[in-house]
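Asks: Let me begin by handing over the structure; questions about it come next.
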Amino acid sequence: MLELKNIVLYALALLPIATIAQTPAPSTTQTEAVNDHRADQAQIEQVMRQYHAAILAHDGTTLSSLFLPDANLWLNVLTDSAYAQAQAKSATAQKVRISGYRDFAKLVSTTPKSFDPEHSNVVIHTDGTIAAVYFNFVFNVDGKANNRGSETWQLVKAADGWRIASIIYSSEPPAQQ
């Protein structure tokens with residue numbers, strides 16, 4: 001009988017180990033994919049920090065280097081209320097304004113004003129080759145909110161790292177008094 005008790009005790013002691021052994025462990029490929037995803041997100045966040053630092057430093061050259069050289073899509077879309085205000089001032093007001101990063105880099109480089117964009121609620125989606133970043137922003141000029149809205153960046157992982165392909169943002173400037 002003593003032997004039977006020992007066998008039962010051993011079986012009970014080994015049961016948790018057997019259960020754990022049957023739980024599938026993440027594969028090396030899955031672990032590497034998660035680590036690559038985190039590395040890509042960190043690199044994209046670094047692009048965002050470089051973008052912010054370039055604006056603060058009035059460094060249009062560094063700002064331009066964050067974009068694909070031939071990609072020049074920059075869309076500013078007025079919200080419905082901002083568009084109504086713009087139309088009240090001018091019947092020819094445009095709801096969607098097309099520009100490019102070069103124009104913004106030139107403005108950043110030449111303005112004496114202090115620019116400080118704030119980003120919040122940042123969400124990054126990437127497969128390691130392309131990425132979309134979505135966030136809310138407040139664009140401060142000389143310490144005051146000059147514009148706010150939501151912004152999305154499309155990025156690609158080029159041979160030399162992540163580059164911005166386009167920026168599209170909604171625009172809700174403060175009402176003019």
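Identifiers in the structure tokens: chain A, B, ... in order shown; residue index from 1 per chain; ligand index from 1 in order shown.
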Taking 2 positions as the minimum chain separation for residues in the same chain, which residues sit within 10 Å of Lys106 of chain A when counting only C-alpha atoms? Answer as a ChimeraX atom specification.
Replies: /A:58-61,63-64,101-104,108-111
Asks: Please dump the current selection as a compact mmCIF listing (two decimals), in the first residue's frame; keep all heavy atoms.
Replies:
```txt
# COMPACT_ATOMS: atom_id res chain seq x y z
N HIS A 58 14.56 75.04 -35.26
CA HIS A 58 14.46 75.74 -36.55
C HIS A 58 15.40 75.11 -37.57
O HIS A 58 16.02 75.80 -38.38
CB HIS A 58 14.76 77.24 -36.40
CG HIS A 58 13.79 77.95 -35.51
ND1 HIS A 58 12.61 78.45 -35.98
CD2 HIS A 58 13.82 78.22 -34.18
CE1 HIS A 58 11.95 79.02 -34.98
NE2 HIS A 58 12.65 78.88 -33.88
N ASP A 59 15.49 73.78 -37.56
CA ASP A 59 16.42 73.03 -38.40
C ASP A 59 15.67 72.35 -39.54
O ASP A 59 15.30 71.18 -39.47
CB ASP A 59 17.16 72.00 -37.54
CG ASP A 59 18.23 71.25 -38.28
OD1 ASP A 59 18.34 71.40 -39.52
OD2 ASP A 59 18.97 70.50 -37.62
N GLY A 60 15.46 73.11 -40.61
CA GLY A 60 14.74 72.59 -41.77
C GLY A 60 15.48 71.48 -42.48
O GLY A 60 14.86 70.60 -43.09
N THR A 61 16.81 71.49 -42.43
CA THR A 61 17.59 70.45 -43.08
C THR A 61 17.35 69.09 -42.43
O THR A 61 17.08 68.10 -43.12
CB THR A 61 19.09 70.80 -43.05
OG1 THR A 61 19.27 72.07 -43.70
CG2 THR A 61 19.93 69.75 -43.73
N LEU A 63 14.80 68.32 -40.52
CA LEU A 63 13.39 68.03 -40.73
C LEU A 63 13.18 67.39 -42.11
O LEU A 63 12.53 66.35 -42.22
CB LEU A 63 12.56 69.32 -40.61
CG LEU A 63 11.05 69.16 -40.71
CD1 LEU A 63 10.51 68.38 -39.53
CD2 LEU A 63 10.39 70.52 -40.79
N SER A 64 13.78 67.96 -43.14
CA SER A 64 13.65 67.41 -44.49
C SER A 64 14.22 66.01 -44.60
O SER A 64 13.70 65.18 -45.36
CB SER A 64 14.34 68.33 -45.51
OG SER A 64 13.66 69.55 -45.60
N TYR A 101 6.45 68.93 -47.52
CA TYR A 101 7.35 69.07 -46.38
C TYR A 101 8.42 70.13 -46.62
O TYR A 101 8.88 70.77 -45.69
CB TYR A 101 7.97 67.72 -46.00
CG TYR A 101 9.06 67.24 -46.92
CD1 TYR A 101 10.38 67.65 -46.74
CD2 TYR A 101 8.79 66.36 -47.96
CE1 TYR A 101 11.38 67.20 -47.59
CE2 TYR A 101 9.78 65.91 -48.78
CZ TYR A 101 11.08 66.33 -48.61
OH TYR A 101 12.07 65.88 -49.45
N ARG A 102 8.78 70.34 -47.87
CA ARG A 102 9.80 71.36 -48.17
C ARG A 102 9.33 72.75 -47.77
O ARG A 102 10.09 73.55 -47.23
CB ARG A 102 10.18 71.31 -49.65
CG ARG A 102 10.98 70.08 -50.02
CD ARG A 102 11.31 70.05 -51.53
NE ARG A 102 12.01 68.84 -51.89
CZ ARG A 102 11.43 67.74 -52.35
NH1 ARG A 102 10.12 67.72 -52.52
NH2 ARG A 102 12.14 66.69 -52.66
N ASP A 103 8.04 73.03 -48.04
CA ASP A 103 7.48 74.33 -47.64
C ASP A 103 7.51 74.48 -46.11
O ASP A 103 7.85 75.54 -45.60
CB ASP A 103 6.03 74.47 -48.13
CG ASP A 103 5.93 74.49 -49.64
OD1 ASP A 103 6.89 74.92 -50.32
OD2 ASP A 103 4.88 74.08 -50.16
N PHE A 104 7.14 73.41 -45.42
CA PHE A 104 7.15 73.46 -43.96
C PHE A 104 8.58 73.59 -43.43
O PHE A 104 8.83 74.38 -42.51
CB PHE A 104 6.46 72.23 -43.36
CG PHE A 104 6.33 72.28 -41.87
CD1 PHE A 104 5.57 73.26 -41.24
CD2 PHE A 104 6.97 71.34 -41.08
CE1 PHE A 104 5.45 73.31 -39.86
CE2 PHE A 104 6.86 71.37 -39.70
CZ PHE A 104 6.10 72.37 -39.09
N VAL A 108 9.97 76.52 -41.04
CA VAL A 108 10.64 76.23 -39.77
C VAL A 108 12.02 76.90 -39.72
O VAL A 108 12.41 77.45 -38.70
CB VAL A 108 10.76 74.70 -39.57
CG1 VAL A 108 11.75 74.34 -38.48
CG2 VAL A 108 9.39 74.09 -39.26
N SER A 109 12.73 76.87 -40.84
CA SER A 109 14.09 77.42 -40.89
C SER A 109 14.13 78.95 -40.86
O SER A 109 15.10 79.53 -40.38
CB SER A 109 14.80 76.97 -42.18
OG SER A 109 14.99 75.60 -42.18
N THR A 110 13.08 79.58 -41.37
CA THR A 110 13.15 81.03 -41.55
C THR A 110 12.32 81.85 -40.56
O THR A 110 12.52 83.06 -40.48
CB THR A 110 12.70 81.41 -42.98
OG1 THR A 110 11.36 80.95 -43.20
CG2 THR A 110 13.64 80.79 -44.01
N THR A 111 11.43 81.23 -39.84
CA THR A 111 10.58 82.01 -38.94
C THR A 111 11.32 82.40 -37.66
O THR A 111 12.09 81.61 -37.12
CB THR A 111 9.29 81.24 -38.58
OG1 THR A 111 8.43 82.13 -37.85
CG2 THR A 111 9.58 80.02 -37.72
```
Asks: Within 12 Å of Ser65 of chain A, counting only C-alpha atoms, which residues qualify if same-chain residues fewer than 5 places away don't, as a compact mmCIF listing (two decimals) with N, CA, C and O atoms, in the first residue's frame?
Replies:
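Wrote result19.txt, looks like this:
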```
# COMPACT_ATOMS: atom_id res chain seq x y z
N VAL A 47 11.89 58.84 -34.85
CA VAL A 47 11.62 59.77 -35.96
C VAL A 47 10.73 60.91 -35.46
O VAL A 47 10.98 62.08 -35.77
N GLN A 50 12.85 63.25 -33.42
CA GLN A 50 13.73 64.04 -34.29
C GLN A 50 12.94 65.14 -34.99
O GLN A 50 13.43 66.26 -35.15
N TYR A 51 11.74 64.83 -35.40
CA TYR A 51 10.84 65.80 -36.04
C TYR A 51 10.59 66.96 -35.07
O TYR A 51 10.74 68.13 -35.43
N ALA A 54 13.78 69.02 -34.46
CA ALA A 54 14.12 69.85 -35.61
C ALA A 54 13.25 71.10 -35.66
O ALA A 54 13.73 72.19 -35.99
N ASP A 59 15.49 73.78 -37.56
CA ASP A 59 16.42 73.03 -38.40
C ASP A 59 15.67 72.35 -39.54
O ASP A 59 15.30 71.18 -39.47
N GLY A 60 15.46 73.11 -40.61
CA GLY A 60 14.74 72.59 -41.77
C GLY A 60 15.48 71.48 -42.48
O GLY A 60 14.86 70.60 -43.09
N ASP A 70 11.48 62.15 -52.57
CA ASP A 70 10.51 62.43 -53.63
C ASP A 70 9.06 62.42 -53.17
O ASP A 70 8.17 62.68 -53.96
N ALA A 71 8.84 62.10 -51.91
CA ALA A 71 7.48 62.11 -51.37
C ALA A 71 7.18 63.51 -50.87
O ALA A 71 7.92 64.06 -50.08
N TYR A 101 6.45 68.93 -47.52
CA TYR A 101 7.35 69.07 -46.38
C TYR A 101 8.42 70.13 -46.62
O TYR A 101 8.88 70.77 -45.69
N ARG A 102 8.78 70.34 -47.87
CA ARG A 102 9.80 71.36 -48.17
C ARG A 102 9.33 72.75 -47.77
O ARG A 102 10.09 73.55 -47.23
N ALA A 105 9.52 72.86 -44.01
CA ALA A 105 10.92 72.95 -43.58
C ALA A 105 11.46 74.36 -43.78
O ALA A 105 12.20 74.88 -42.94
N ASP A 160 17.77 53.07 -45.48
CA ASP A 160 18.49 53.79 -44.41
C ASP A 160 17.62 54.09 -43.19
O ASP A 160 17.95 54.93 -42.38
N GLY A 161 16.48 53.41 -43.07
CA GLY A 161 15.63 53.58 -41.88
C GLY A 161 14.26 54.13 -42.24
O GLY A 161 13.91 54.30 -43.41
N TRP A 162 13.50 54.40 -41.20
CA TRP A 162 12.12 54.87 -41.38
C TRP A 162 12.11 56.30 -41.91
O TRP A 162 12.82 57.16 -41.41
N ARG A 163 11.27 56.53 -42.92
CA ARG A 163 11.10 57.85 -43.51
C ARG A 163 9.61 58.15 -43.65
O ARG A 163 8.80 57.27 -43.94
N ILE A 164 9.27 59.41 -43.48
CA ILE A 164 7.88 59.85 -43.62
C ILE A 164 7.57 59.99 -45.11
O ILE A 164 8.31 60.65 -45.85
N ALA A 165 6.48 59.37 -45.54
CA ALA A 165 6.05 59.46 -46.93
C ALA A 165 4.98 60.55 -47.11
O ALA A 165 4.94 61.21 -48.14
```
Asks: Calculate how many Å separate atom CA of Ala84 of chain A from atom CA of Gly149 of chain A, rounding to one decimal.
Replies: 16.0 Å
Asks: Atom CA of Phe139 of chain A and atom CA of His119 of chain A are how many Å apart?
Replies: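 Those two atoms sit 8.7 Å apart.
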Asks: Separation of atom CA of Ala93 of chain A and atom CA of Asn76 of chain A, in Å?
Replies: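 According to the coordinates, atom CA of Ala93 of chain A and atom CA of Asn76 of chain A are separated by 12.7 Å.
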Asks: Restricting the calculation to only C-alpha atoms: of A:Val141, A:Ile130, A:Ala175, A:Ile55, which residue gets closest to Tyr83 of chain A?
Replies: A:Ala175
Asks: Give me the residues near Ala131 of chain A as a list of chain:residue names, where near means some atom within 6 Å (using only C-alpha atoms) and where sequence neighbours in that chain fewer than 3 positions away do not count.
Replies: A:His125, A:Thr126, A:Gln154, A:Leu155
Asks: Please produce an output containing N, CA, C and O atoms for each residue in the selection, written as a PDB file, in the first residue's frame.
Replies:
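File written: selection.pdb
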```pdb
ATOM      1  N   HIS A 125       0.879  51.722 -35.965  1.00  0.00           N
ATOM      2  CA  HIS A 125       0.602  50.411 -36.576  1.00  0.00           C
ATOM      3  C   HIS A 125       1.688  50.163 -37.611  1.00  0.00           C
ATOM      4  O   HIS A 125       1.937  51.020 -38.456  1.00  0.00           O
ATOM      5  N   THR A 126       2.330  49.003 -37.534  1.00  0.00           N
ATOM      6  CA  THR A 126       3.367  48.676 -38.507  1.00  0.00           C
ATOM      7  C   THR A 126       3.469  47.175 -38.713  1.00  0.00           C
ATOM      8  O   THR A 126       3.171  46.403 -37.803  1.00  0.00           O
ATOM      9  N   GLN A 154       2.193  58.548 -42.768  1.00  0.00           N
ATOM     10  CA  GLN A 154       2.468  57.284 -43.450  1.00  0.00           C
ATOM     11  C   GLN A 154       3.980  57.201 -43.568  1.00  0.00           C
ATOM     12  O   GLN A 154       4.611  58.159 -44.029  1.00  0.00           O
ATOM     13  N   LEU A 155       4.542  56.110 -43.113  1.00  0.00           N
ATOM     14  CA  LEU A 155       5.989  55.931 -43.161  1.00  0.00           C
ATOM     15  C   LEU A 155       6.339  54.646 -43.895  1.00  0.00           C
ATOM     16  O   LEU A 155       5.528  53.719 -43.949  1.00  0.00           O
TER      17      LEU A 155
END
```
